[in-house]
Structures are given as structure tokens and as C-alpha cells.
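Have a look at the structure below, then the notes.
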Amino acid sequence: MRYKVYYNKGLRMSPEKLAAQVAHVTLNLGFHLGNHIADFLDPLEQTIIVLGLSATKFKRVLEELEEEALHREIVYHVQKDLGYTEIEAGTKTAFGFI
């Protein structure tokens with residue numbers, strides 16, 4: 001299984017903040033899949049690809065994913081920051097899909 005996660009490079013998040021945002025996305029994707037599916041997945045056969053996009057491209061790719069999800073069953077998650085540290089609350093920092 002391949003997880004693909006995009007983050008907004010325009011936000012200039014610290015490496016620690018970026019790692020947390022990517023972790024939130026992957027955890028939520030796993031939650032969306034459900035525990036019963038996780039029993040059949042081999043952790044060694046799973047890949048997580050993380051790519052940074054400019055703010056403009058981040059917005060465009062996310063809009064395309066959301067549009068495509070209306071027509072196909074796609075498991076995806078958009079991470080919105082809570083605003084406790086570096087980023088304003090509600091800012092979309094990262095998103096991913098399987």
C-alpha cells in the first residue's frame with residue numbers, strides 16, 4: 001500500500017512541525033481504513049511518499065483531489081493545524097491519500 005502525503009512548503013514549518021503534520025495525516029488515513037484492514041497489511045510492504053508543494057500548487061492539487069473524490073472512492077485526509085505553535089489555527093498544512 002502506498003500513502004502519498006503533500007505538504008505546503010510556503011508555510012516554512014520547522015522540521016519537527018512538518019514531521020508532526022505528516023504523522024497526523026498518515027495516522028488519520030490508517031484510521032479511515034479501519035482496524036480490520038490493518039490486520040491484512042504487511043508493514044514492510046507499505047510506503048509513505050512525502051512531497052512539498054508551493055502554496056499555489058498545494059491548493060490546486062488539493063482541489064483536484066477533492067473533486068476526484070466526488071466521483072471515485074478515495075481515502076484521503078486534510079490536516080488543519082490547531083494553531084498552538086507555528087501556524088495559524090485552521091490552516092491546511094498537509095494532505096494525503098491512499
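Labels used: A, B, ... for chains in the order of the C-alpha cells, numbers from 1 for residues in each chain, and numbers from 1 for ligands as shown.
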| task | as an MDAnalysis selection string, list the residues of chain A assigned to strand (DSSP E) by DSSP on the backbone atoms of this structure. | result | chainID A and resid 2:8 47:53 76:80 92:97
| request: For A:Ala23, please output as a ChimeraX atom specification all residues within 10 Å (counting only C-alpha atoms; exclusion window: fewer than 4 positions along the same chain). | output: /A:5,17-19,27-29,79,94
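Between A:Val25 and the candidates A:Ala69, A:Val61, A:Ile48, A:Val78, the tightest atom-to-atom separation, counting only C-alpha atoms, involves A:Val78.
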| message | Under the rule that only C-alpha atoms are counted, which of A:Arg12, A:Thr26, A:Phe95, A:Arg72 is the nearest residue to A:Lys59? | response |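 Residue with the minimum atom-to-atom distance to A:Lys59: A:Phe95.
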| said: I need the alpha helix (DSSP H) residues of chain A per DSSP on the backbone, written as a PyMOL selection string. | reply: chain A and resi 15-33+35-38+55-71
Take the selection from the previous step and output its residues with C-alpha atoms, as a PDB file, in the first residue's frame.
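What landed in part-v8.pdb:
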```
ATOM      1  CA  PRO A  15      11.267  20.012  10.573  1.00  0.00           C
ATOM      2  CA  GLU A  16       9.578  18.961  13.824  1.00  0.00           C
ATOM      3  CA  LYS A  17       6.292  20.635  12.894  1.00  0.00           C
ATOM      4  CA  LEU A  18       6.395  19.099   9.421  1.00  0.00           C
ATOM      5  CA  ALA A  19       7.046  15.635  10.866  1.00  0.00           C
ATOM      6  CA  ALA A  20       4.055  16.015  13.203  1.00  0.00           C
ATOM      7  CA  GLN A  21       1.761  17.152  10.373  1.00  0.00           C
ATOM      8  CA  VAL A  22       2.775  14.213   8.158  1.00  0.00           C
ATOM      9  CA  ALA A  23       2.289  11.859  11.109  1.00  0.00           C
ATOM     10  CA  HIS A  24      -1.226  13.235  11.694  1.00  0.00           C
ATOM     11  CA  VAL A  25      -2.114  12.640   8.038  1.00  0.00           C
ATOM     12  CA  THR A  26      -0.827   9.053   7.990  1.00  0.00           C
ATOM     13  CA  LEU A  27      -2.472   8.188  11.317  1.00  0.00           C
ATOM     14  CA  ASN A  28      -5.800   9.552  10.107  1.00  0.00           C
ATOM     15  CA  LEU A  29      -5.522   7.643   6.827  1.00  0.00           C
ATOM     16  CA  GLY A  30      -4.926   4.452   8.801  1.00  0.00           C
ATOM     17  CA  PHE A  31      -7.929   5.250  10.977  1.00  0.00           C
ATOM     18  CA  HIS A  32     -10.099   5.764   7.883  1.00  0.00           C
ATOM     19  CA  LEU A  33      -9.059   2.347   6.605  1.00  0.00           C
ATOM     20  CA  ASN A  35      -8.536  -1.801  12.090  1.00  0.00           C
ATOM     21  CA  HIS A  36      -9.898  -4.842  10.253  1.00  0.00           C
ATOM     22  CA  ILE A  37      -7.957  -3.939   7.109  1.00  0.00           C
ATOM     23  CA  ALA A  38      -4.768  -3.242   9.070  1.00  0.00           C
ATOM     24  CA  ALA A  55       1.393  27.225  -1.695  1.00  0.00           C
ATOM     25  CA  THR A  56      -0.264  27.703  -5.094  1.00  0.00           C
ATOM     26  CA  LYS A  57       0.329  24.138  -6.256  1.00  0.00           C
ATOM     27  CA  PHE A  58      -0.681  22.750  -2.839  1.00  0.00           C
ATOM     28  CA  LYS A  59      -4.069  24.456  -3.154  1.00  0.00           C
ATOM     29  CA  ARG A  60      -4.544  23.330  -6.767  1.00  0.00           C
ATOM     30  CA  VAL A  61      -3.608  19.679  -6.149  1.00  0.00           C
ATOM     31  CA  LEU A  62      -5.859  19.541  -3.068  1.00  0.00           C
ATOM     32  CA  GLU A  63      -8.790  20.977  -5.057  1.00  0.00           C
ATOM     33  CA  GLU A  64      -8.194  18.378  -7.792  1.00  0.00           C
ATOM     34  CA  LEU A  65      -8.118  15.570  -5.215  1.00  0.00           C
ATOM     35  CA  GLU A  66     -11.335  16.771  -3.580  1.00  0.00           C
ATOM     36  CA  GLU A  67     -13.034  16.983  -6.986  1.00  0.00           C
ATOM     37  CA  GLU A  68     -11.851  13.496  -7.949  1.00  0.00           C
ATOM     38  CA  ALA A  69     -13.049  12.128  -4.595  1.00  0.00           C
ATOM     39  CA  LEU A  70     -16.576  13.202  -5.515  1.00  0.00           C
ATOM     40  CA  HIS A  71     -16.540  10.730  -8.410  1.00  0.00           C
TER      41      HIS A  71
END
```
Residue neighbourhood A:Phe97, 8 Å, only C-alpha atoms, exclusion window fewer than 6 positions, as a PDB file with all heavy atoms, in the first residue's frame:
```pdb
ATOM      1  N   TYR A   3       1.046   5.326   0.644  1.00  0.00           N
ATOM      2  CA  TYR A   3       0.496   6.568   1.161  1.00  0.00           C
ATOM      3  C   TYR A   3       1.239   7.704   0.466  1.00  0.00           C
ATOM      4  O   TYR A   3       2.458   7.693   0.376  1.00  0.00           O
ATOM      5  CB  TYR A   3       0.760   6.717   2.658  1.00  0.00           C
ATOM      6  CG  TYR A   3       0.082   5.714   3.545  1.00  0.00           C
ATOM      7  CD1 TYR A   3       0.561   4.411   3.663  1.00  0.00           C
ATOM      8  CD2 TYR A   3      -1.008   6.085   4.314  1.00  0.00           C
ATOM      9  CE1 TYR A   3      -0.049   3.506   4.506  1.00  0.00           C
ATOM     10  CE2 TYR A   3      -1.623   5.182   5.158  1.00  0.00           C
ATOM     11  CZ  TYR A   3      -1.137   3.891   5.243  1.00  0.00           C
ATOM     12  OH  TYR A   3      -1.745   3.003   6.072  1.00  0.00           O
ATOM     13  N   LYS A   4       0.519   8.691  -0.009  1.00  0.00           N
ATOM     14  CA  LYS A   4       1.140   9.858  -0.617  1.00  0.00           C
ATOM     15  C   LYS A   4       0.703  11.081   0.171  1.00  0.00           C
ATOM     16  O   LYS A   4      -0.496  11.327   0.317  1.00  0.00           O
ATOM     17  CB  LYS A   4       0.737   9.971  -2.079  1.00  0.00           C
ATOM     18  CG  LYS A   4       1.675  10.790  -2.898  1.00  0.00           C
ATOM     19  CD  LYS A   4       1.433  10.533  -4.373  1.00  0.00           C
ATOM     20  CE  LYS A   4       2.597  11.026  -5.180  1.00  0.00           C
ATOM     21  NZ  LYS A   4       2.404  10.778  -6.598  1.00  0.00           N
ATOM     22  N   VAL A   5       1.673  11.819   0.708  1.00  0.00           N
ATOM     23  CA  VAL A   5       1.389  12.977   1.546  1.00  0.00           C
ATOM     24  C   VAL A   5       2.054  14.205   0.932  1.00  0.00           C
ATOM     25  O   VAL A   5       3.237  14.169   0.586  1.00  0.00           O
ATOM     26  CB  VAL A   5       1.910  12.773   2.988  1.00  0.00           C
ATOM     27  CG1 VAL A   5       1.618  13.995   3.848  1.00  0.00           C
ATOM     28  CG2 VAL A   5       1.300  11.520   3.611  1.00  0.00           C
ATOM     29  N   LEU A  29      -5.260   8.537   7.964  1.00  0.00           N
ATOM     30  CA  LEU A  29      -5.522   7.643   6.827  1.00  0.00           C
ATOM     31  C   LEU A  29      -5.681   6.212   7.314  1.00  0.00           C
ATOM     32  O   LEU A  29      -6.576   5.490   6.881  1.00  0.00           O
ATOM     33  CB  LEU A  29      -4.405   7.744   5.790  1.00  0.00           C
ATOM     34  CG  LEU A  29      -4.377   9.028   4.971  1.00  0.00           C
ATOM     35  CD1 LEU A  29      -3.116   9.071   4.121  1.00  0.00           C
ATOM     36  CD2 LEU A  29      -5.613   9.157   4.106  1.00  0.00           C
ATOM     37  N   ILE A  74     -12.066   7.534  -2.819  1.00  0.00           N
ATOM     38  CA  ILE A  74     -10.671   7.788  -2.484  1.00  0.00           C
ATOM     39  C   ILE A  74     -10.575   8.045  -0.988  1.00  0.00           C
ATOM     40  O   ILE A  74     -11.330   8.854  -0.444  1.00  0.00           O
ATOM     41  CB  ILE A  74     -10.127   9.014  -3.254  1.00  0.00           C
ATOM     42  CG1 ILE A  74     -10.157   8.749  -4.755  1.00  0.00           C
ATOM     43  CG2 ILE A  74      -8.715   9.355  -2.793  1.00  0.00           C
ATOM     44  CD1 ILE A  74      -9.750   9.940  -5.590  1.00  0.00           C
ATOM     45  N   VAL A  75      -9.653   7.359  -0.324  1.00  0.00           N
ATOM     46  CA  VAL A  75      -9.408   7.601   1.091  1.00  0.00           C
ATOM     47  C   VAL A  75      -8.357   8.703   1.178  1.00  0.00           C
ATOM     48  O   VAL A  75      -7.242   8.550   0.697  1.00  0.00           O
ATOM     49  CB  VAL A  75      -8.910   6.324   1.799  1.00  0.00           C
ATOM     50  CG1 VAL A  75      -8.560   6.612   3.242  1.00  0.00           C
ATOM     51  CG2 VAL A  75      -9.954   5.224   1.704  1.00  0.00           C
ATOM     52  N   TYR A  76      -8.750   9.854   1.762  1.00  0.00           N
ATOM     53  CA  TYR A  76      -7.800  10.950   1.912  1.00  0.00           C
ATOM     54  C   TYR A  76      -8.073  11.703   3.205  1.00  0.00           C
ATOM     55  O   TYR A  76      -9.134  11.565   3.808  1.00  0.00           O
ATOM     56  CB  TYR A  76      -7.830  11.889   0.703  1.00  0.00           C
ATOM     57  CG  TYR A  76      -9.015  12.822   0.610  1.00  0.00           C
ATOM     58  CD1 TYR A  76      -8.900  14.149   1.004  1.00  0.00           C
ATOM     59  CD2 TYR A  76     -10.240  12.393   0.116  1.00  0.00           C
ATOM     60  CE1 TYR A  76      -9.981  15.014   0.914  1.00  0.00           C
ATOM     61  CE2 TYR A  76     -11.315  13.248   0.024  1.00  0.00           C
ATOM     62  CZ  TYR A  76     -11.183  14.555   0.418  1.00  0.00           C
ATOM     63  OH  TYR A  76     -12.248  15.411   0.332  1.00  0.00           O
ATOM     64  N   HIS A  77      -7.085  12.482   3.619  1.00  0.00           N
ATOM     65  CA  HIS A  77      -7.226  13.281   4.831  1.00  0.00           C
ATOM     66  C   HIS A  77      -6.517  14.614   4.632  1.00  0.00           C
ATOM     67  O   HIS A  77      -5.404  14.657   4.107  1.00  0.00           O
ATOM     68  CB  HIS A  77      -6.621  12.570   6.042  1.00  0.00           C
ATOM     69  CG  HIS A  77      -6.659  13.403   7.288  1.00  0.00           C
ATOM     70  ND1 HIS A  77      -7.808  13.608   8.014  1.00  0.00           N
ATOM     71  CD2 HIS A  77      -5.696  14.114   7.914  1.00  0.00           C
ATOM     72  CE1 HIS A  77      -7.539  14.400   9.044  1.00  0.00           C
ATOM     73  NE2 HIS A  77      -6.262  14.724   8.997  1.00  0.00           N
TER      74      HIS A  77
END
```
